[in-house]
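Inspection log for the structure reproduced underneath, given as structure tokens.
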Amino acid sequence: MKLRLYLLVALFTQSFAAHAERIAIAGGTLTDIVFAIGAGEQVVAIDTSSTSPARAQSLPKVGYYRDLSAEGVLSQSPSLVLTLEGSGRAEVLTQLKSTGVRVNHYPKPTQVKELFALIDRLGSDLNKQQHARALIRKLQQQLPEKAALTQTKAMFILSASERGILVAGSDTVPDILFNYAGVENLATEAGFKPYNIESVVAADPDFIVAPSHTVDSLGGKKKFCQLPSLALVPAAQECRLLVMDSLISIGMTSRLPEAIAQLSAFQREIL
């Protein structure tokens with residue numbers, strides 16, 4: 001009996017080892033979800049856009065997901081590479097595949113239903129189906145009802161310079177956050193579009209939202225609000241600026257309810 005039990009355990013262990021993956025991830029959205037569905041222990045490397053969860057930050061970095069190098073990824077000896085839409089150059093991904101490493105490519109979600117579909121697919125690909133379904137149910141429970149549109153108007157600024165800004169319009173994650181919070185998005189065109197100084201002044205937002213990496217690169221909140229391209233905008237003059245974590249404000253993640261709550265709280269503060 002003991003020998004039989006030992007053999008069963010040994011076979012199970014060998015089977016598990018044979019199927020255990022060494023996963024490298026290119027794309028912060030993917031990293032967030034992989035850890036949220038309980039597959040984090042298989043991850044051996046992440047890219048620099050992967051800022052969530054905190055426990056992943058000690059892992060080796062393979063560069064920024066849009067500018068991957070095959071050598072950097074392969075140095076971590078992955079058996080599976082998960083790449084988000086926009087990852088790397090085609091020749092880099094081809095080079096990775098030519099070494100025998102499996103490369104799974106995933107579309108970037110821009111709607112809640114697409115986020116759920118991505119969670120479901122990752123759960124299937126990583127044999128974490130039950131965890132994935134549990135995460136989807138949790139998010140469905142945590143997501144609030146979309147608030148009625150208020151009189152509050154806002155603008156999400158992805159990047160800014162002295163000449164103008166790049167704002168988030170419809171079909172973007174910031175627009176989804178605004179919709180849930182009942183905030184009018186002053187940028188109505190699809191995607192991210194440039195606004196010149198005159199357009200920003202004419203829009204006259206009640207407050208501004210910007211990702212942390214943009215604000216930090218410009219020297220902090222005060223410096224951001226003092227940009228010449230925002231000089232004539234009352235919201236910037238009074239620095240009514242919400243600085244949000246870059247990943248949760250421009251990417252769909254398991255922290256979507258948290259992002260909505262942050263925006264809603266800031267809106268209440270300025271009313």
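Residues are referred to by chain and number: the chain letter is A, B, ... according to the order shown in the structure tokens, the number counts from 1 in that chain, and ligands are numbered separately from 1 in the order shown.
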
| task | Taking the chain letters and numbering used in this document, name the residues of range 42-148 of chain A that DSSP puts in helix (DSSP H, G or I), as a PyMOL selection string. | result | chain A and resi 42+54-56+65-67+70-74+90-98+112-125+129-142

| task | For Arg22 in chain A, please output as a PyMOL selection string all residues within 7 Å (counting only C-alpha atoms; exclusion window: fewer than 5 positions along the same chain). | result | chain A and resi 42-44+78-80

Counting only C-alpha atoms, what are the residues of range 18-127 of chain A within 10 Å of range 164-178 of chain A, and for each of them which pair of atoms is the nearest and at what distance in Å, to one decimal? Sort the table by chain and rising number, as JSON lines.
{"residue": "A:Pro109", "atom": "CA", "partner": "A:Val173", "partner_atom": "CA", "distance": 8.7}
{"residue": "A:Thr110", "atom": "CA", "partner": "A:Val173", "partner_atom": "CA", "distance": 5.8}
{"residue": "A:Gln111", "atom": "CA", "partner": "A:Val173", "partner_atom": "CA", "distance": 7.4}
{"residue": "A:Val112", "atom": "CA", "partner": "A:Ile176", "partner_atom": "CA", "distance": 8.5}

| Non-local contacts of range 92-98 of chain A (10 Å; only C-alpha atoms; under 2 positions in same chain excluded) as a PyMOL selection string | chain A and resi 67-71+73-74+80-81+83+87-90+100-105

| query | range 26-202 of chain A: which residues are strand (DSSP E) by DSSP, as a ChimeraX atom specification? | reply | /A:26,43-46,80-84,102-106,153-160,164-168,184-185,192-196

| task | Just the residues within 8 Å of Leu143 in chain A, please, counting only C-alpha atoms, with nothing from its chain fewer than 4 positions along; format it as a ChimeraX atom specification. | result | /A:139,256-257

Just the selected residues (N, CA and C atoms), exported as a PDB file, in the first residue's frame, please.
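Written file, part_33.pdb:
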ATOM      1  N   LEU A 139     -15.762  40.669  -9.758  1.00  0.00           N
ATOM      2  CA  LEU A 139     -15.804  41.971 -10.416  1.00  0.00           C
ATOM      3  C   LEU A 139     -17.238  42.376 -10.738  1.00  0.00           C
ATOM      4  N   LEU A 256     -10.377  47.434 -11.738  1.00  0.00           N
ATOM      5  CA  LEU A 256     -11.318  48.381 -12.344  1.00  0.00           C
ATOM      6  C   LEU A 256     -12.255  49.011 -11.317  1.00  0.00           C
ATOM      7  N   PRO A 257     -12.859  48.241 -10.395  1.00  0.00           N
ATOM      8  CA  PRO A 257     -13.725  48.877  -9.393  1.00  0.00           C
ATOM      9  C   PRO A 257     -12.974  49.907  -8.550  1.00  0.00           C
TER      10      PRO A 257
END

Interface rows for range 30-71 of chain A against range 114-133 of chain A: nearest pair, Å to one decimal, 12 Å, only C-alpha atoms, as a Markdown table:
| residue | atom | partner | partner_atom | distance |
| --- | --- | --- | --- | --- |
| A:Leu30 | CA | A:Leu122 | CA | 8.4 |
| A:Thr31 | CA | A:Leu122 | CA | 10.5 |
| A:Asp32 | CA | A:Ile119 | CA | 10.2 |
| A:Ile33 | CA | A:Ile119 | CA | 6.6 |
| A:Val34 | CA | A:Leu122 | CA | 7.2 |
| A:Phe35 | CA | A:His131 | CA | 10.4 |
| A:Ala36 | CA | A:His131 | CA | 8.2 |
| A:Ile37 | CA | A:His131 | CA | 5.0 |
| A:Gly38 | CA | A:His131 | CA | 6.8 |
| A:Ala39 | CA | A:Leu126 | CA | 7.2 |
| A:Gly40 | CA | A:Leu126 | CA | 10.5 |
| A:Glu41 | CA | A:Leu126 | CA | 11.6 |
| A:Gln42 | CA | A:Leu126 | CA | 9.6 |
| A:Val43 | CA | A:Leu126 | CA | 11.2 |

Dump as a compact mmCIF listing (two decimals), in the first residue's frame, selection limited to all heavy atoms:
# COMPACT_ATOMS: atom_id res chain seq x y z
N LEU A 30 -2.06 41.92 -18.50
CA LEU A 30 -1.92 40.47 -18.38
C LEU A 30 -1.32 40.08 -17.03
O LEU A 30 -1.80 39.13 -16.38
CB LEU A 30 -1.04 39.93 -19.51
CG LEU A 30 -1.55 40.13 -20.94
CD1 LEU A 30 -0.55 39.57 -21.94
CD2 LEU A 30 -2.91 39.49 -21.13
N THR A 31 -0.28 40.79 -16.61
CA THR A 31 0.36 40.46 -15.33
C THR A 31 -0.64 40.57 -14.19
O THR A 31 -0.73 39.70 -13.32
CB THR A 31 1.55 41.39 -15.07
OG1 THR A 31 2.51 41.22 -16.13
CG2 THR A 31 2.23 41.07 -13.74
N ASP A 32 -1.40 41.65 -14.18
CA ASP A 32 -2.40 41.86 -13.13
C ASP A 32 -3.38 40.69 -13.07
O ASP A 32 -3.66 40.15 -12.00
CB ASP A 32 -3.15 43.17 -13.41
CG ASP A 32 -4.30 43.39 -12.46
OD1 ASP A 32 -5.43 42.93 -12.76
OD2 ASP A 32 -4.09 44.02 -11.41
N ILE A 33 -3.87 40.26 -14.22
CA ILE A 33 -4.87 39.20 -14.26
C ILE A 33 -4.26 37.85 -13.91
O ILE A 33 -4.86 37.05 -13.17
CB ILE A 33 -5.56 39.15 -15.63
CG1 ILE A 33 -6.35 40.44 -15.86
CG2 ILE A 33 -6.48 37.94 -15.73
CD1 ILE A 33 -6.90 40.58 -17.26
N VAL A 34 -3.07 37.56 -14.44
CA VAL A 34 -2.42 36.27 -14.17
C VAL A 34 -2.24 36.08 -12.67
O VAL A 34 -2.50 34.99 -12.13
CB VAL A 34 -1.06 36.18 -14.90
CG1 VAL A 34 -0.25 34.99 -14.39
CG2 VAL A 34 -1.29 36.04 -16.41
N PHE A 35 -1.81 37.11 -11.98
CA PHE A 35 -1.66 37.00 -10.53
C PHE A 35 -3.02 36.92 -9.84
O PHE A 35 -3.19 36.20 -8.86
CB PHE A 35 -0.86 38.18 -9.99
CG PHE A 35 0.63 37.99 -10.05
CD1 PHE A 35 1.32 38.21 -11.23
CD2 PHE A 35 1.35 37.57 -8.93
CE1 PHE A 35 2.69 38.02 -11.30
CE2 PHE A 35 2.72 37.38 -8.99
CZ PHE A 35 3.41 37.60 -10.18
N ALA A 36 -4.00 37.64 -10.36
CA ALA A 36 -5.33 37.65 -9.74
C ALA A 36 -6.03 36.30 -9.85
O ALA A 36 -6.89 35.98 -9.02
CB ALA A 36 -6.19 38.74 -10.38
N ILE A 37 -5.67 35.49 -10.85
CA ILE A 37 -6.30 34.16 -10.98
C ILE A 37 -5.42 33.06 -10.39
O ILE A 37 -5.67 31.87 -10.60
CB ILE A 37 -6.64 33.84 -12.45
CG1 ILE A 37 -5.39 33.77 -13.32
CG2 ILE A 37 -7.64 34.84 -13.00
CD1 ILE A 37 -5.67 33.31 -14.76
N GLY A 38 -4.38 33.46 -9.65
CA GLY A 38 -3.61 32.48 -8.91
C GLY A 38 -2.50 31.78 -9.66
O GLY A 38 -2.03 30.73 -9.23
N ALA A 39 -2.04 32.37 -10.78
CA ALA A 39 -0.95 31.75 -11.55
C ALA A 39 0.37 32.50 -11.39
O ALA A 39 1.31 32.25 -12.15
CB ALA A 39 -1.34 31.69 -13.03
N GLY A 40 0.44 33.37 -10.41
CA GLY A 40 1.63 34.19 -10.22
C GLY A 40 2.90 33.41 -9.93
O GLY A 40 4.00 33.85 -10.28
N GLU A 41 2.76 32.25 -9.30
CA GLU A 41 3.95 31.48 -8.93
C GLU A 41 4.70 30.95 -10.15
O GLU A 41 5.87 30.58 -10.06
CB GLU A 41 3.54 30.31 -8.02
CG GLU A 41 3.08 30.74 -6.63
CD GLU A 41 2.75 29.56 -5.75
OE1 GLU A 41 2.87 28.42 -6.23
OE2 GLU A 41 2.38 29.78 -4.58
N GLN A 42 4.03 30.90 -11.29
CA GLN A 42 4.67 30.42 -12.51
C GLN A 42 5.38 31.52 -13.28
O GLN A 42 6.10 31.26 -14.24
CB GLN A 42 3.63 29.76 -13.42
CG GLN A 42 2.92 28.56 -12.81
CD GLN A 42 1.87 28.00 -13.74
OE1 GLN A 42 2.18 27.50 -14.82
NE2 GLN A 42 0.61 28.10 -13.34
N VAL A 43 5.18 32.76 -12.87
CA VAL A 43 5.75 33.90 -13.60
C VAL A 43 7.21 34.10 -13.20
O VAL A 43 7.53 34.20 -12.01
CB VAL A 43 4.94 35.18 -13.33
CG1 VAL A 43 5.54 36.37 -14.08
CG2 VAL A 43 3.48 34.98 -13.73

| message | Show me, as JSON, numbers by chain, the residues that have an atom within 8 Å of Ala45 in chain A when counting only C-alpha atoms, minus same-chain residues fewer than 2 positions from it. | response | {"A": [23, 24, 25, 43, 47, 59, 60, 61, 62, 73, 76]}

Cut-off 12 Å: closest range 171-223 of chain A/range 227-236 of chain A atom pairs per residue, using only C-alpha atoms, as JSON lines:
{"residue": "A:Pro194", "atom": "CA", "partner": "A:Ser229", "partner_atom": "CA", "distance": 11.7}
{"residue": "A:Tyr195", "atom": "CA", "partner": "A:Ser229", "partner_atom": "CA", "distance": 9.4}
{"residue": "A:Asn196", "atom": "CA", "partner": "A:Ser229", "partner_atom": "CA", "distance": 7.5}
{"residue": "A:Ile197", "atom": "CA", "partner": "A:Ser229", "partner_atom": "CA", "distance": 5.2}
{"residue": "A:Glu198", "atom": "CA", "partner": "A:Ser229", "partner_atom": "CA", "distance": 8.8}
{"residue": "A:Ser199", "atom": "CA", "partner": "A:Ser229", "partner_atom": "CA", "distance": 10.0}
{"residue": "A:Val200", "atom": "CA", "partner": "A:Val233", "partner_atom": "CA", "distance": 7.2}
{"residue": "A:Val201", "atom": "CA", "partner": "A:Val233", "partner_atom": "CA", "distance": 5.4}
{"residue": "A:Ala202", "atom": "CA", "partner": "A:Val233", "partner_atom": "CA", "distance": 8.7}
{"residue": "A:Ala203", "atom": "CA", "partner": "A:Val233", "partner_atom": "CA", "distance": 8.8}
{"residue": "A:Asp204", "atom": "CA", "partner": "A:Val233", "partner_atom": "CA", "distance": 6.2}
{"residue": "A:Pro205", "atom": "CA", "partner": "A:Ala235", "partner_atom": "CA", "distance": 6.5}
{"residue": "A:Asp206", "atom": "CA", "partner": "A:Ala235", "partner_atom": "CA", "distance": 5.8}
{"residue": "A:Phe207", "atom": "CA", "partner": "A:Ala235", "partner_atom": "CA", "distance": 5.3}
{"residue": "A:Ile208", "atom": "CA", "partner": "A:Ala235", "partner_atom": "CA", "distance": 6.9}
{"residue": "A:Val209", "atom": "CA", "partner": "A:Ala235", "partner_atom": "CA", "distance": 10.5}
{"residue": "A:Ala210", "atom": "CA", "partner": "A:Ala236", "partner_atom": "CA", "distance": 11.8}
{"residue": "A:Val215", "atom": "CA", "partner": "A:Leu227", "partner_atom": "CA", "distance": 10.9}
{"residue": "A:Leu218", "atom": "CA", "partner": "A:Leu227", "partner_atom": "CA", "distance": 9.0}
{"residue": "A:Gly219", "atom": "CA", "partner": "A:Leu227", "partner_atom": "CA", "distance": 10.7}
{"residue": "A:Gly220", "atom": "CA", "partner": "A:Leu227", "partner_atom": "CA", "distance": 11.2}
{"residue": "A:Lys221", "atom": "CA", "partner": "A:Ala236", "partner_atom": "CA", "distance": 10.0}
{"residue": "A:Lys222", "atom": "CA", "partner": "A:Leu227", "partner_atom": "CA", "distance": 9.1}
{"residue": "A:Lys223", "atom": "CA", "partner": "A:Leu227", "partner_atom": "CA", "distance": 6.6}

| query | For Ser249 in chain A, which residue out of A:Lys153, A:His213, A:Arg163, A:Arg268 is the nearest one, using only C-alpha atoms? | reply |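 Comparing A:Lys153, A:His213, A:Arg163, A:Arg268 against Ser249 in chain A, the winner is A:His213.
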
| field | Atomic distance CA of Gln142 in chain A - CA of Arg255 in chain A, expressed in Å with one decimal | value | 10.0 Å

| Which neighbours of Glu184 in chain A fall inside 9 Å, counting only C-alpha atoms, when residues of the same chain fewer than 4 positions from it are skipped, and could you give them as a list in words? |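 My list of contacting residues is Leu149, Thr150, Gln151, Thr152, Lys153, Ala154, Met155, Asp175, Phe178 and Asn179 of chain A.
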
| By how many Å are CA of Glu238 in chain A and CA of Ile260 in chain A apart? |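 Here the two named atoms are 23.2 Å from each other.
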
| Computed interatomic separation between CA of Thr48 in chain A and CA of Gly63 in chain A (Å) | 5.7 Å
